[in-house]
file structure35.txt (compact mmCIF, C-alpha atoms)
# COMPACT_ATOMS: atom_id res chain seq x y z
CA MET A 9 -92.09 24.28 -11.99
CA ARG A 10 -89.90 26.72 -10.09
CA THR A 11 -89.77 26.24 -6.34
CA SER A 12 -90.93 29.08 -4.11
CA VAL A 13 -88.11 28.66 -1.57
CA PRO A 14 -86.23 32.00 -1.37
CA PHE A 15 -82.62 31.95 -2.50
CA GLY A 16 -81.36 33.41 0.78
CA SER A 17 -83.10 30.79 2.92
CA GLU A 18 -81.76 27.95 0.80
CA LEU A 19 -78.25 29.44 0.84
CA ARG A 20 -78.31 29.73 4.65
CA ARG A 21 -79.55 26.16 4.99
CA ARG A 22 -76.75 24.79 2.78
CA ARG A 23 -74.12 26.91 4.51
CA GLN A 24 -75.16 25.72 7.96
CA GLU A 25 -75.33 22.09 6.82
CA ALA A 26 -71.77 22.48 5.56
CA GLY A 27 -70.71 23.71 9.02
CA LEU A 28 -69.60 27.12 7.76
CA SER A 29 -69.97 30.24 9.86
CA LEU A 30 -70.91 33.38 7.96
CA SER A 31 -67.38 34.73 8.52
CA LYS A 32 -65.77 31.59 7.14
CA PHE A 33 -68.22 31.53 4.25
CA ALA A 34 -67.35 35.14 3.37
CA LEU A 35 -63.64 34.28 3.43
CA VAL A 36 -64.09 31.27 1.16
CA MET A 37 -66.30 33.18 -1.28
CA ASN A 38 -64.12 36.30 -1.27
CA TYR A 39 -67.24 38.38 -0.51
CA ASP A 40 -68.06 40.93 2.16
CA LYS A 41 -69.69 39.28 5.21
CA GLY A 42 -72.31 42.03 5.51
CA HIS A 43 -73.32 41.60 1.87
CA LEU A 44 -73.75 37.84 2.24
CA SER A 45 -75.77 38.37 5.40
CA LYS A 46 -78.14 40.67 3.51
CA VAL A 47 -78.43 38.12 0.69
CA GLU A 48 -79.35 35.37 3.15
CA ARG A 49 -81.95 37.61 4.79
CA GLY A 50 -83.43 38.58 1.42
CA VAL A 51 -82.43 42.23 1.81
CA ARG A 52 -80.09 42.08 -1.20
CA ARG A 53 -80.57 40.12 -4.41
CA ALA A 54 -77.82 37.65 -5.28
CA SER A 55 -76.06 38.26 -8.58
CA GLY A 56 -75.81 35.45 -11.08
CA ASP A 57 -72.05 35.24 -10.50
CA LEU A 58 -72.50 34.85 -6.74
CA ALA A 59 -75.18 32.20 -7.25
CA ARG A 60 -72.93 30.22 -9.58
CA ARG A 61 -70.06 30.27 -7.08
CA CYS A 62 -72.37 29.17 -4.26
CA ASP A 63 -73.64 26.43 -6.55
CA ALA A 64 -70.10 25.20 -7.13
CA LEU A 65 -69.12 25.41 -3.46
CA PHE A 66 -72.12 23.41 -2.23
CA GLY A 67 -72.48 21.09 -5.25
CA ALA A 68 -76.04 22.33 -5.79
CA ASN A 69 -76.05 21.34 -9.50
CA GLY A 70 -77.65 24.57 -10.65
CA GLU A 71 -80.39 24.74 -8.00
CA LEU A 72 -79.12 27.91 -6.31
CA GLN A 73 -78.63 29.57 -9.66
CA ARG A 74 -82.20 28.75 -10.67
CA LEU A 75 -83.49 30.24 -7.43
CA ALA A 76 -81.47 33.43 -7.86
CA GLU A 77 -82.15 33.99 -11.54
CA PRO A 78 -85.75 33.48 -12.69
CA GLN A 79 -85.79 32.02 -16.16
CA ALA A 80 -86.50 34.60 -18.81
CA GLU A 81 -88.98 33.79 -21.54
CA PRO A 82 -86.95 32.14 -24.31
CA GLU A 83 -86.49 34.22 -27.39
CA VAL A 84 -88.49 32.71 -30.22
CA LEU A 85 -85.90 31.99 -32.86
CA GLU A 86 -88.00 29.77 -35.08
CA THR A 87 -91.48 29.56 -36.47
CA ASP A 88 -93.34 26.27 -36.80
CA ASN A 89 -91.83 25.64 -40.23
CA GLY A 90 -88.27 26.20 -39.00
CA ALA A 91 -87.70 29.68 -40.42
CA VAL A 92 -85.84 32.18 -38.29
CA ALA A 93 -88.44 34.39 -36.65
CA VAL A 94 -86.60 37.66 -37.07
CA GLU A 95 -87.15 40.35 -39.66
CA ARG A 96 -84.68 40.05 -42.51
CA ARG A 97 -82.14 42.83 -42.48
CA LYS A 98 -83.07 44.42 -45.82
CA LEU A 99 -80.68 47.30 -45.30
CA LEU A 100 -77.82 44.82 -45.05
CA LEU A 101 -78.55 42.24 -47.69
CA THR A 102 -81.56 43.22 -49.80
CA GLY A 103 -82.02 40.90 -52.72
CA VAL A 104 -79.58 38.04 -52.14
CA GLY A 105 -82.23 35.63 -50.87
CA SER A 106 -84.58 36.59 -53.68
CA LEU A 107 -81.82 36.15 -56.25
CA ILE A 108 -81.36 32.59 -55.07
CA GLY A 109 -85.08 31.89 -55.00
CA LEU A 110 -85.95 33.38 -58.39
CA GLY A 111 -83.07 32.84 -60.72
CA LEU A 112 -80.91 29.90 -59.75
CA PRO A 113 -81.11 26.40 -61.22
CA SER A 114 -80.02 23.47 -59.08
CA ALA A 115 -76.27 23.48 -58.54
CA ASP A 116 -76.20 19.76 -59.27
CA ASP A 117 -77.54 20.37 -62.80
CA ILE A 118 -74.85 22.86 -63.82
CA LEU A 119 -71.48 21.92 -65.27
CA PRO A 120 -68.50 24.25 -64.89
CA ARG A 121 -67.94 26.45 -67.93
CA GLU A 122 -64.70 27.40 -69.60
CA GLY A 123 -62.80 30.40 -68.32
CA PRO A 124 -60.80 31.41 -65.26
CA SER A 125 -62.07 30.45 -61.85
CA LEU A 126 -63.34 33.32 -59.73
CA GLU A 127 -63.13 31.45 -56.46
CA ALA A 128 -59.44 31.98 -55.67
CA PRO A 129 -59.41 35.81 -55.59
CA PHE A 130 -62.61 35.94 -53.55
CA ARG A 131 -61.25 33.32 -51.18
CA ALA A 132 -58.16 35.50 -50.68
CA GLN A 133 -60.44 38.47 -49.97
CA PHE A 134 -62.37 36.43 -47.42
CA ASP A 135 -59.16 35.54 -45.60
CA GLN A 136 -58.21 39.22 -45.59
CA MET A 137 -61.62 40.17 -44.20
CA ARG A 138 -61.15 37.77 -41.32
CA GLN A 139 -57.76 39.27 -40.57
CA LEU A 140 -59.24 42.77 -40.70
CA GLY A 141 -61.98 41.63 -38.35
CA GLN A 142 -59.36 41.18 -35.64
CA SER A 143 -58.29 44.82 -35.73
CA THR A 144 -61.18 46.81 -37.24
CA ASP A 145 -64.47 48.26 -36.10
CA PRO A 146 -67.09 45.67 -37.16
CA ALA A 147 -69.41 48.43 -38.40
CA VAL A 148 -66.73 49.35 -40.95
CA LEU A 149 -66.45 45.79 -42.25
CA LEU A 150 -70.17 45.10 -42.62
CA PRO A 151 -70.71 47.10 -45.86
CA LEU A 152 -67.68 45.37 -47.42
CA LEU A 153 -69.00 41.95 -46.44
CA GLU A 154 -72.43 42.85 -47.83
CA SER A 155 -70.92 43.90 -51.15
CA GLN A 156 -68.84 40.75 -51.53
CA THR A 157 -71.73 38.49 -50.57
CA ARG A 158 -74.02 40.08 -53.13
CA THR A 159 -71.33 40.07 -55.84
CA LEU A 160 -70.58 36.38 -55.35
CA ALA A 161 -74.28 35.45 -55.43
CA GLU A 162 -74.80 37.43 -58.63
CA LEU A 163 -71.73 35.88 -60.25
CA ALA A 164 -72.99 32.42 -59.34
CA ILE A 165 -76.33 33.14 -61.01
CA ASP A 166 -74.59 34.47 -64.11
CA GLY A 167 -74.68 31.63 -66.64
CA GLY A 168 -71.06 32.23 -67.61
CA ALA A 169 -69.57 31.71 -64.16
CA ARG A 170 -67.46 28.68 -63.34
CA ASP A 171 -67.56 26.84 -60.03
CA ARG A 172 -71.11 27.97 -59.27
CA ARG A 173 -71.45 25.71 -56.26
CA ARG A 174 -68.18 26.90 -54.74
CA LEU A 175 -69.07 30.57 -55.31
CA LEU A 176 -72.37 30.13 -53.51
CA VAL A 177 -70.72 28.39 -50.58
CA LEU A 178 -68.07 31.11 -50.38
CA ALA A 179 -70.85 33.72 -50.47
CA ALA A 180 -72.39 31.86 -47.52
CA ARG A 181 -69.10 32.15 -45.64
CA PHE A 182 -69.08 35.93 -46.23
CA ALA A 183 -72.67 36.10 -44.95
CA GLU A 184 -71.88 33.94 -41.91
CA TYR A 185 -68.92 36.16 -41.02
CA ALA A 186 -71.10 39.22 -41.49
CA GLY A 187 -73.38 37.71 -38.86
CA TRP A 188 -70.50 37.58 -36.40
CA MET A 189 -69.52 41.18 -37.17
CA ALA A 190 -73.14 42.27 -36.72
CA GLN A 191 -73.17 40.61 -33.29
CA GLU A 192 -69.89 42.31 -32.43
CA ALA A 193 -71.49 45.61 -33.46
CA GLY A 194 -74.30 44.95 -30.97
CA ASP A 195 -76.97 44.07 -33.54
CA ASN A 196 -78.33 40.64 -32.59
CA ASP A 197 -81.26 40.88 -34.99
CA GLY A 198 -78.82 41.66 -37.78
CA ALA A 199 -76.63 38.73 -36.71
CA LEU A 200 -79.57 36.33 -36.97
CA GLY A 201 -80.66 37.83 -40.28
CA TRP A 202 -77.21 37.38 -41.77
CA THR A 203 -77.10 33.83 -40.47
CA ARG A 204 -80.35 33.09 -42.26
CA GLU A 205 -78.87 34.42 -45.50
CA ALA A 206 -75.83 32.19 -44.98
CA VAL A 207 -78.11 29.16 -44.64
CA GLU A 208 -79.97 29.99 -47.85
CA LEU A 209 -76.76 30.49 -49.80
CA ALA A 210 -75.13 27.35 -48.40
CA ARG A 211 -78.14 25.21 -49.24
CA ALA A 212 -78.31 26.65 -52.75
CA GLY A 213 -74.66 25.67 -53.13
CA GLY A 214 -75.35 22.17 -51.88
CA ASP A 215 -73.43 22.63 -48.61
CA ARG A 216 -75.55 21.21 -45.80
CA ASP A 217 -72.59 21.31 -43.42
CA LEU A 218 -72.34 25.09 -43.38
CA ALA A 219 -76.12 25.33 -43.04
CA SER A 220 -75.82 23.20 -39.89
CA TYR A 221 -72.99 25.35 -38.56
CA ALA A 222 -75.38 28.29 -38.67
CA LEU A 223 -77.12 26.67 -35.70
CA VAL A 224 -73.87 26.99 -33.76
CA ARG A 225 -73.71 30.67 -34.67
CA ARG A 226 -77.28 31.21 -33.55
CA ALA A 227 -76.49 29.42 -30.30
CA LEU A 228 -73.77 31.99 -29.67
CA VAL A 229 -76.38 34.76 -29.78
CA THR A 230 -78.56 32.96 -27.23
CA PHE A 231 -75.49 32.21 -25.11
CA TYR A 232 -74.66 35.91 -24.81
CA ASP A 233 -78.32 36.46 -23.93
CA SER A 234 -77.75 34.01 -21.03
CA ASP A 235 -80.39 31.67 -22.44
CA ALA A 236 -79.02 28.26 -21.45
CA GLU A 237 -82.00 26.26 -22.69
CA GLN A 238 -81.96 27.68 -26.23
CA THR A 239 -78.16 27.45 -26.42
CA ILE A 240 -78.24 23.74 -25.56
CA ALA A 241 -81.13 23.04 -27.93
CA LEU A 242 -79.63 24.85 -30.93
CA ALA A 243 -76.16 23.37 -30.45
CA GLY A 244 -77.65 19.90 -30.02
CA ARG A 245 -79.26 20.12 -33.44
CA ALA A 246 -75.81 20.61 -35.02
CA GLN A 247 -74.39 17.38 -33.57
CA ASP A 248 -75.72 15.04 -36.25
CA GLY A 249 -73.34 12.15 -36.83
CA GLY A 250 -73.19 12.84 -40.57
CA LEU A 251 -71.63 16.26 -40.10
CA PRO A 252 -67.84 16.85 -40.23
CA PRO A 253 -66.00 16.47 -36.90
CA ARG A 254 -65.11 20.18 -36.71
CA ILE A 255 -68.74 21.33 -36.92
CA ARG A 256 -69.82 18.69 -34.40
CA GLY A 257 -66.93 19.70 -32.14
CA LEU A 258 -67.83 23.39 -32.27
CA ALA A 259 -71.46 22.52 -31.62
CA THR A 260 -70.53 20.31 -28.69
CA GLN A 261 -68.40 22.97 -27.01
CA ARG A 262 -71.22 25.50 -27.45
CA LYS A 263 -73.54 22.96 -25.82
CA ALA A 264 -71.03 22.70 -22.96
CA GLN A 265 -71.29 26.46 -22.50
CA GLY A 266 -75.06 26.15 -22.31
CA HIS A 267 -74.76 23.46 -19.64
CA ALA A 268 -72.35 25.67 -17.70
CA LEU A 269 -74.87 28.52 -17.76
CA ALA A 270 -77.46 26.09 -16.40
CA GLY A 271 -75.09 24.96 -13.64
CA ASP A 272 -74.96 21.36 -14.89
CA GLU A 273 -71.28 20.58 -14.30
CA ARG A 274 -71.41 16.90 -15.22
CA ALA A 275 -73.09 17.52 -18.58
CA CYS A 276 -70.75 20.44 -19.25
CA LEU A 277 -67.54 18.48 -18.61
CA ASN A 278 -68.80 15.49 -20.61
CA SER A 279 -69.53 17.80 -23.56
CA LEU A 280 -66.09 19.39 -23.28
CA ASP A 281 -64.42 15.96 -23.39
CA LEU A 282 -66.36 15.07 -26.54
CA ALA A 283 -65.57 18.45 -28.11
CA ARG A 284 -61.84 17.91 -27.57
CA GLU A 285 -62.06 14.51 -29.22
CA LEU A 286 -64.00 15.81 -32.21
CA LEU A 287 -61.88 18.91 -32.75
CA GLY A 288 -58.72 16.83 -32.36
CA SER A 289 -59.84 14.52 -35.15
CA ALA A 290 -61.03 17.36 -37.37
CA ASP A 291 -57.53 18.36 -38.56
CA ALA A 292 -57.05 15.11 -40.42
CA THR A 293 -60.40 15.37 -42.20
CA ALA A 294 -60.50 19.11 -42.99
CA ASP A 295 -61.12 20.11 -46.60
CA ALA A 296 -59.40 22.91 -48.49
CA GLY A 297 -62.12 25.47 -47.82
CA PRO A 298 -61.93 28.33 -45.31
CA VAL A 299 -61.71 27.09 -41.74
CA ILE A 300 -65.08 27.16 -40.01
CA GLY A 301 -65.01 28.84 -36.62
CA THR A 302 -62.17 30.67 -34.94
CA THR A 303 -58.72 30.75 -36.53
CA SER A 304 -57.15 32.86 -33.75
CA VAL A 305 -57.29 30.34 -30.90
CA ALA A 306 -54.88 27.40 -30.97
CA ASP A 307 -57.07 25.10 -28.86
CA PRO A 308 -60.74 26.24 -28.90
CA ALA A 309 -61.89 23.46 -26.56
CA ALA A 310 -59.30 24.40 -23.94
CA MET A 311 -60.25 28.08 -24.12
CA VAL A 312 -63.95 27.27 -23.83
CA THR A 313 -63.11 25.09 -20.82
CA GLY A 314 -61.88 28.21 -19.01
CA TRP A 315 -65.09 30.01 -19.96
CA CYS A 316 -67.20 27.13 -18.66
CA LEU A 317 -65.27 26.86 -15.40
CA TYR A 318 -65.96 30.52 -14.72
CA ASP A 319 -69.68 30.11 -15.45
CA LEU A 320 -69.72 27.04 -13.21
CA GLY A 321 -68.49 29.18 -10.31
CA ARG A 322 -64.87 27.97 -10.35
CA PRO A 323 -62.94 31.20 -11.01
CA THR A 324 -59.54 30.02 -9.76
CA ALA A 325 -59.49 27.06 -12.15
CA ALA A 326 -60.84 29.29 -14.90
CA ALA A 327 -58.07 31.85 -14.35
CA GLU A 328 -55.38 29.16 -14.56
CA THR A 329 -56.83 27.89 -17.83
CA PHE A 330 -57.11 31.37 -19.34
CA ASP A 331 -53.54 32.21 -18.26
CA ARG A 332 -52.27 29.20 -20.16
CA GLU A 333 -54.40 29.53 -23.28
CA CYS A 334 -54.31 33.31 -23.73
CA ALA A 335 -50.52 33.10 -24.01
CA HIS A 336 -50.99 31.30 -27.34
CA ILE A 337 -53.15 33.98 -29.02
CA ALA A 338 -51.26 35.85 -31.74
CA PRO A 339 -50.40 39.46 -30.77
CA GLN A 340 -52.15 40.84 -33.86
CA ALA A 341 -55.43 39.01 -33.08
CA PHE A 342 -56.74 41.98 -31.11
CA ARG A 343 -60.39 40.93 -31.02
CA ALA A 344 -59.59 37.45 -29.68
CA ARG A 345 -57.06 38.87 -27.23
CA THR A 346 -59.58 41.28 -25.73
CA ARG A 347 -62.47 38.78 -25.67
CA TYR A 348 -60.62 36.03 -23.84
CA GLY A 349 -58.37 38.45 -21.98
CA MET A 350 -61.34 40.20 -20.37
CA ARG A 351 -62.71 36.83 -19.30
CA ARG A 352 -59.27 36.11 -17.85
CA ALA A 353 -59.35 39.39 -15.91
CA LEU A 354 -62.86 38.61 -14.72
CA ALA A 355 -61.79 35.17 -13.48
CA HIS A 356 -58.83 36.60 -11.58
CA ALA A 357 -61.03 39.25 -9.97
CA ALA A 358 -63.57 36.64 -8.91
CA ALA A 359 -60.74 34.55 -7.47
CA GLY A 360 -59.68 37.50 -5.29
CA GLU A 361 -56.57 38.39 -7.31
CA VAL A 362 -57.73 41.96 -7.74
CA GLU A 363 -54.42 43.65 -8.57
CA HIS A 364 -53.58 41.08 -11.22
CA SER A 365 -57.07 41.42 -12.70
CA CYS A 366 -56.65 45.19 -12.98
CA GLU A 367 -53.23 44.75 -14.57
CA ILE A 368 -54.66 42.45 -17.25
CA ALA A 369 -57.62 44.74 -17.93
CA GLN A 370 -55.46 47.86 -18.14
CA GLU A 371 -53.42 46.29 -20.95
CA LEU A 372 -56.55 45.43 -22.93
CA LEU A 373 -58.96 48.31 -22.44
CA ASP A 374 -57.15 50.64 -24.82
CA ILE A 375 -57.66 48.10 -27.60
CA THR A 376 -61.43 48.24 -27.15
CA PHE A 377 -61.51 51.87 -28.27
CA THR A 378 -60.12 50.98 -31.70
CA VAL A 379 -61.60 47.47 -32.00
CA PRO A 380 -65.07 47.82 -30.44
CA SER A 381 -66.96 44.66 -29.54
CA ALA A 382 -70.41 44.26 -28.02
CA THR A 383 -69.51 40.84 -26.62
CA VAL A 384 -66.36 42.21 -24.98
CA ARG A 385 -68.34 45.15 -23.56
CA ALA A 386 -70.65 42.64 -21.86
CA ASP A 387 -67.64 41.21 -20.02
CA ILE A 388 -66.27 44.67 -19.23
CA ARG A 389 -69.58 45.44 -17.52
CA ARG A 390 -69.30 42.22 -15.53
CA LEU A 391 -65.71 43.06 -14.60
CA SER A 392 -66.76 46.53 -13.50
CA ARG A 393 -69.43 45.05 -11.22
CA GLU A 394 -66.97 42.50 -9.83
CA LEU A 395 -64.32 45.11 -9.08
CA ALA A 396 -66.89 47.42 -7.50
CA ARG A 397 -66.75 45.14 -4.46
CA PHE A 398 -63.13 46.27 -3.97
CA ARG A 399 -63.54 50.02 -4.34
CA ALA A 400 -61.01 50.70 -1.61
CA ASN A 401 -58.28 48.87 -3.53
CA ARG A 402 -55.85 51.31 -5.14
CA ALA A 403 -55.55 49.26 -8.35
CA VAL A 404 -59.32 49.35 -8.74
CA ARG A 405 -59.44 53.12 -8.17
CA ASP A 406 -56.70 53.64 -10.78
CA LEU A 407 -58.51 51.47 -13.32
CA GLN A 408 -61.97 52.96 -12.77
CA PRO A 409 -61.65 55.97 -15.15
CA THR A 410 -60.58 53.74 -18.04
CA LEU A 411 -63.35 51.25 -17.25
CA ALA A 412 -65.92 54.04 -17.23
CA ARG A 413 -64.65 55.38 -20.55
CA ALA A 414 -64.80 51.92 -22.13
CA LEU A 415 -68.44 51.58 -21.04
CA SER A 416 -69.56 55.08 -22.04
CA PRO A 417 -71.95 55.37 -25.04
CA SER A 418 -69.29 57.24 -27.02
CA ALA A 419 -67.03 54.17 -26.87
CA ARG A 420 -69.46 52.05 -28.89

call {"tool": "encode", "arguments": {"input": "structure35.txt", "output": "C-alpha cells"}}
result
Amino acid sequence: MRTSVPFGSELRRRRQEAGLSLSKFALVMNYDKGHLSKVERGVRRASGDLARRCDALFGANGELQRLAEPQAEPEVLETDNGAVAVERRKLLLTGVGSLIGLGLPSADDILPREGPSLEAPFRAQFDQMRQLGQSTDPAVLLPLLESQTRTLAELAIDGGARDRRRLLVLAARFAEYAGWMAQEAGDNDGALGWTREAVELARAGGDRDLASYALVRRALVTFYDSDAEQTIALAGRAQDGGLPPRIRGLATQRKAQGHALAGDERACLNSLDLARELLGSADATADAGPVIGTTSVADPAAMVTGWCLYDLGRPTAAAETFDRECAHIAPQAFRARTRYGMRRALAHAAAGEVEHSCEIAQELLDITFTVPSATVRADIRRLSRELARFRANRAVRDLQPTLARALSPSAR
C-alpha cells in the first residue's frame, strides 16, 4: 500500500540527514535551488527524472520515485486464458490467423515436397526490410511487411510448398518486425496485434522460441509506457531455461530495464550481468535463421546498461556508457543512431553538460524528419523538458526551433 508521506517532506528529511544544505543539494543535482525548494514545500511536483536522481543520490531504492509517481493502473495485456487483450488489427493482417486455424495440418505431419525452396528469396527480402527499417518511415514499410507475411502464410498452406515449417517461422519474423514498425509509427495496439500474429505463426511452424520472444517484444511496449511491473513480469516469462541463450539474454536485459524504472538498482545490475553472460554465449549456439533482436548494436547489453543507468538516476555514468557504445553503431543505421543518440544527449543534459547535449541532438534531429520514430519522439520530449531548465543557455536557445519542429504534429 502506498505511503501517504508527501514526496517533498521525505526529500527534505533525507537531504537534512545527509547534511546537505539546499544550496549544496542544488549544486549536486544540477537543479535550480528555487525549484528544489518549491518541490520540498509541495508547491511544485517533482518530475520522474528528478525523483530518480534523488533516489540514486540518497540510496532510497525506489522509494522517492514511488512517492513522486503514483503507480498507474497496469494495462491489461492478457485475458484469463492468456490471449492478448487487444483488438486484432484487421486492417493490417486480416485473414492470416484464420488461415492458420482453418486450413493448416500439423507441421510435424508434412514432409517437404519436390521443387525449389522458397525460403531463401523471402529470407533475403526480410534482411532487406530490416535494412530499410533503419532509414525509412515505418508507416511506409508496414504494408510491405503485411503483404509478405500473408504471402508466406498462404504459400505454407499450399500443399505444393516445400519447407512449410520454415516458411511459417519466417512469416512470424515478418509479423514480429511489423510489430516493431507499428510501435515506431506510434501504434501500440497495432504493435501488440502484430505480435499476437507472430506468436500464432511461430507456433504453427513449431517454433516455441520465437513465440517466447514475443513476450520480450510486448515488454518493450510496456517499458515505453513506463510500466515497470508489467515489463518485469513479461520479460520474466521469457527466461525459461529451455530457451536459447539469445532469447533469455534479451529477456533478461528487458527485465533489467523494468527494474531500473522501479528504482531497484541491485536487481537491475544483477539482471544486466546475467544478460551479458547469456548474450555472450549466444553467438556460439546461434542457428542459421535471421538474428532475433537488434542487428545494429554491437553489444546490446552494454547499450542497455547506459539506458538503465540513466533511469536509475546516474546520468554521468550513463553518458559515459552511451559515448562509448554509440561510437560503434554503423553510420547507415539511422534509426538506432537516433534512438540511442537521443538517450545519450538526454544523459549529458541531465549531467549538466548542456552544450555537449545540444551538439549531439543537433546532429540527430534532422534524421528524425526522414526516419520518424515514436520511441525517439518520446526521448526528444524528455530532452526538451530537461533543456528547458537552461533556457538562458545560448546552445539551448539555438536548438529550440529544431526541437519544436521535431515535436510538432506535422513531423510525425

call {"tool": "residues_around", "arguments": {"input": "structure35.txt", "residues": "segment 326-335 of chain A", "least_positions_apart": "3", "cutoff": "9 Å", "atoms": "only C-alpha atoms", "output": "compact mmCIF listing (two decimals) with C-alpha atoms, in the coordinates of the input"}}
result
# COMPACT_ATOMS: atom_id res chain seq x y z
CA VAL A 305 -57.29 30.34 -30.90
CA ALA A 306 -54.88 27.40 -30.97
CA ASP A 307 -57.07 25.10 -28.86
CA ALA A 310 -59.30 24.40 -23.94
CA MET A 311 -60.25 28.08 -24.12
CA THR A 313 -63.11 25.09 -20.82
CA GLY A 314 -61.88 28.21 -19.01
CA TRP A 315 -65.09 30.01 -19.96
CA CYS A 316 -67.20 27.13 -18.66
CA LEU A 317 -65.27 26.86 -15.40
CA TYR A 318 -65.96 30.52 -14.72
CA ASP A 319 -69.68 30.11 -15.45
CA GLY A 321 -68.49 29.18 -10.31
CA ARG A 322 -64.87 27.97 -10.35
CA PRO A 323 -62.94 31.20 -11.01
CA ALA A 338 -51.26 35.85 -31.74
CA ALA A 344 -59.59 37.45 -29.68
CA ARG A 345 -57.06 38.87 -27.23
CA TYR A 348 -60.62 36.03 -23.84
CA GLY A 349 -58.37 38.45 -21.98
CA ARG A 351 -62.71 36.83 -19.30
CA ARG A 352 -59.27 36.11 -17.85
CA ALA A 353 -59.35 39.39 -15.91
CA LEU A 354 -62.86 38.61 -14.72
CA ALA A 355 -61.79 35.17 -13.48
CA HIS A 356 -58.83 36.60 -11.58
CA ALA A 359 -60.74 34.55 -7.47

call {"tool": "residues_near_point", "arguments": {"input": "structure35.txt", "point": "(-58.4, 45.0, -7.2)", "cutoff": "7 Å", "atoms": "only C-alpha atoms", "output": "ChimeraX atom specification"}}
result
/A:357,361-363,365-366,395,398,401,403-404

call {"tool": "closest_residue", "arguments": {"input": "structure35.txt", "among": "A:Leu411, A:Leu286, A:Ile240, A:Leu176", "to": "Gly213 of chain A", "atoms": "all atoms listed in the file"}}
result
A:Leu176

call {"tool": "atom_distance", "arguments": {"input": "structure35.txt", "atom1": "atom CA of Arg158 of chain A", "atom2": "atom CA of Arg173 of chain A"}}
result
14.9 Å

call {"tool": "closest_residue", "arguments": {"input": "structure35.txt", "among": "A:His267, A:Gly301, A:Thr239, A:Phe231", "to": "Ile255 of chain A", "atoms": "all atoms listed in the file"}}
result
A:Gly301

call {"tool": "closest_atom_pairs", "arguments": {"input": "structure35.txt", "of": "segment 302-413 of chain A", "to": "segment 37-51 of chain A", "cutoff": "8 Å", "atoms": "only C-alpha atoms", "output": "JSON lines"}}
result
{"residue": "A:Ala358", "atom": "CA", "partner": "A:Asn38", "partner_atom": "CA", "distance": 7.7}
{"residue": "A:Ala359", "atom": "CA", "partner": "A:Asn38", "partner_atom": "CA", "distance": 7.3}
{"residue": "A:Gly360", "atom": "CA", "partner": "A:Asn38", "partner_atom": "CA", "distance": 6.1}
{"residue": "A:Arg397", "atom": "CA", "partner": "A:Tyr39", "partner_atom": "CA", "distance": 7.8}

call {"tool": "atom_distance", "arguments": {"input": "structure35.txt", "atom1": "atom CA of Gly198 of chain A", "atom2": "atom CA of Ser234 of chain A"}}
result
18.4 Å

call {"tool": "axis_aligned_box", "arguments": {"input": "structure35.txt", "around": "segment 336-354 of chain A", "padding_each_side": "6 Å", "output": "JSON"}}
result
{"center_x": -56.6, "center_y": 36.6, "center_z": -24.3, "size_x": 24.5, "size_y": 22.7, "size_z": 31.1}

call {"tool": "atom_distance", "arguments": {"input": "structure35.txt", "atom1": "atom CA of Ala227 of chain A", "atom2": "atom CA of Arg262 of chain A"}}
result
7.2 Å

call {"tool": "closest_residue", "arguments": {"input": "structure35.txt", "among": "A:Ala400, A:Ile165, A:Leu258, A:Ala180", "to": "Arg284 of chain A", "atoms": "all atoms listed in the file"}}
result
A:Leu258

call {"tool": "residues_around", "arguments": {"input": "structure35.txt", "residues": "Ala59 of chain A", "least_positions_apart": "4", "cutoff": "7 Å", "atoms": "all atoms listed in the file", "output": "mmCIF file with C-alpha atoms, in the coordinates of the input"}}
result
data_model
loop_
_atom_site.group_PDB
_atom_site.id
_atom_site.type_symbol
_atom_site.label_atom_id
_atom_site.label_comp_id
_atom_site.auth_asym_id
_atom_site.auth_seq_id
_atom_site.Cartn_x
_atom_site.Cartn_y
_atom_site.Cartn_z
ATOM 1 C CA ALA A 54 -77.820 37.650 -5.280
ATOM 2 C CA SER A 55 -76.060 38.260 -8.580
ATOM 3 C CA ASP A 63 -73.640 26.430 -6.550
ATOM 4 C CA LEU A 72 -79.120 27.910 -6.310
ATOM 5 C CA GLN A 73 -78.630 29.570 -9.660
ATOM 6 C CA ALA A 76 -81.470 33.430 -7.860
#

call {"tool": "closest_residue", "arguments": {"input": "structure35.txt", "among": "A:Val229, A:Ala325, A:Val384, A:Leu407", "to": "Gln370 of chain A", "atoms": "only C-alpha atoms"}}
result
A:Leu407

call {"tool": "closest_residue", "arguments": {"input": "structure35.txt", "among": "A:Ser416, A:Gln133, A:Gln191, A:Gln265", "to": "Pro146 of chain A", "atoms": "all atoms listed in the file"}}
result
A:Gln191

call {"tool": "closest_residue", "arguments": {"input": "structure35.txt", "among": "A:Leu58, A:Ala26, A:Leu200, A:Ala64", "to": "Arg274 of chain A", "atoms": "all atoms listed in the file"}}
result
A:Ala64

call {"tool": "residues_around", "arguments": {"input": "structure35.txt", "residues": "Ala206 of chain A", "least_positions_apart": "2", "cutoff": "7 Å", "atoms": "all atoms listed in the file", "output": "ChimeraX atom specification"}}
result
/A:180-181,183-184,202-204,208-210

call {"tool": "residues_around", "arguments": {"input": "structure35.txt", "residues": "Gly70 of chain A", "least_positions_apart": "3", "cutoff": "9 Å", "atoms": "only C-alpha atoms", "output": "VMD selection string"}}
result
chain A and resid 59 to 60 63 to 64 67 73 to 75 268 to 273 320
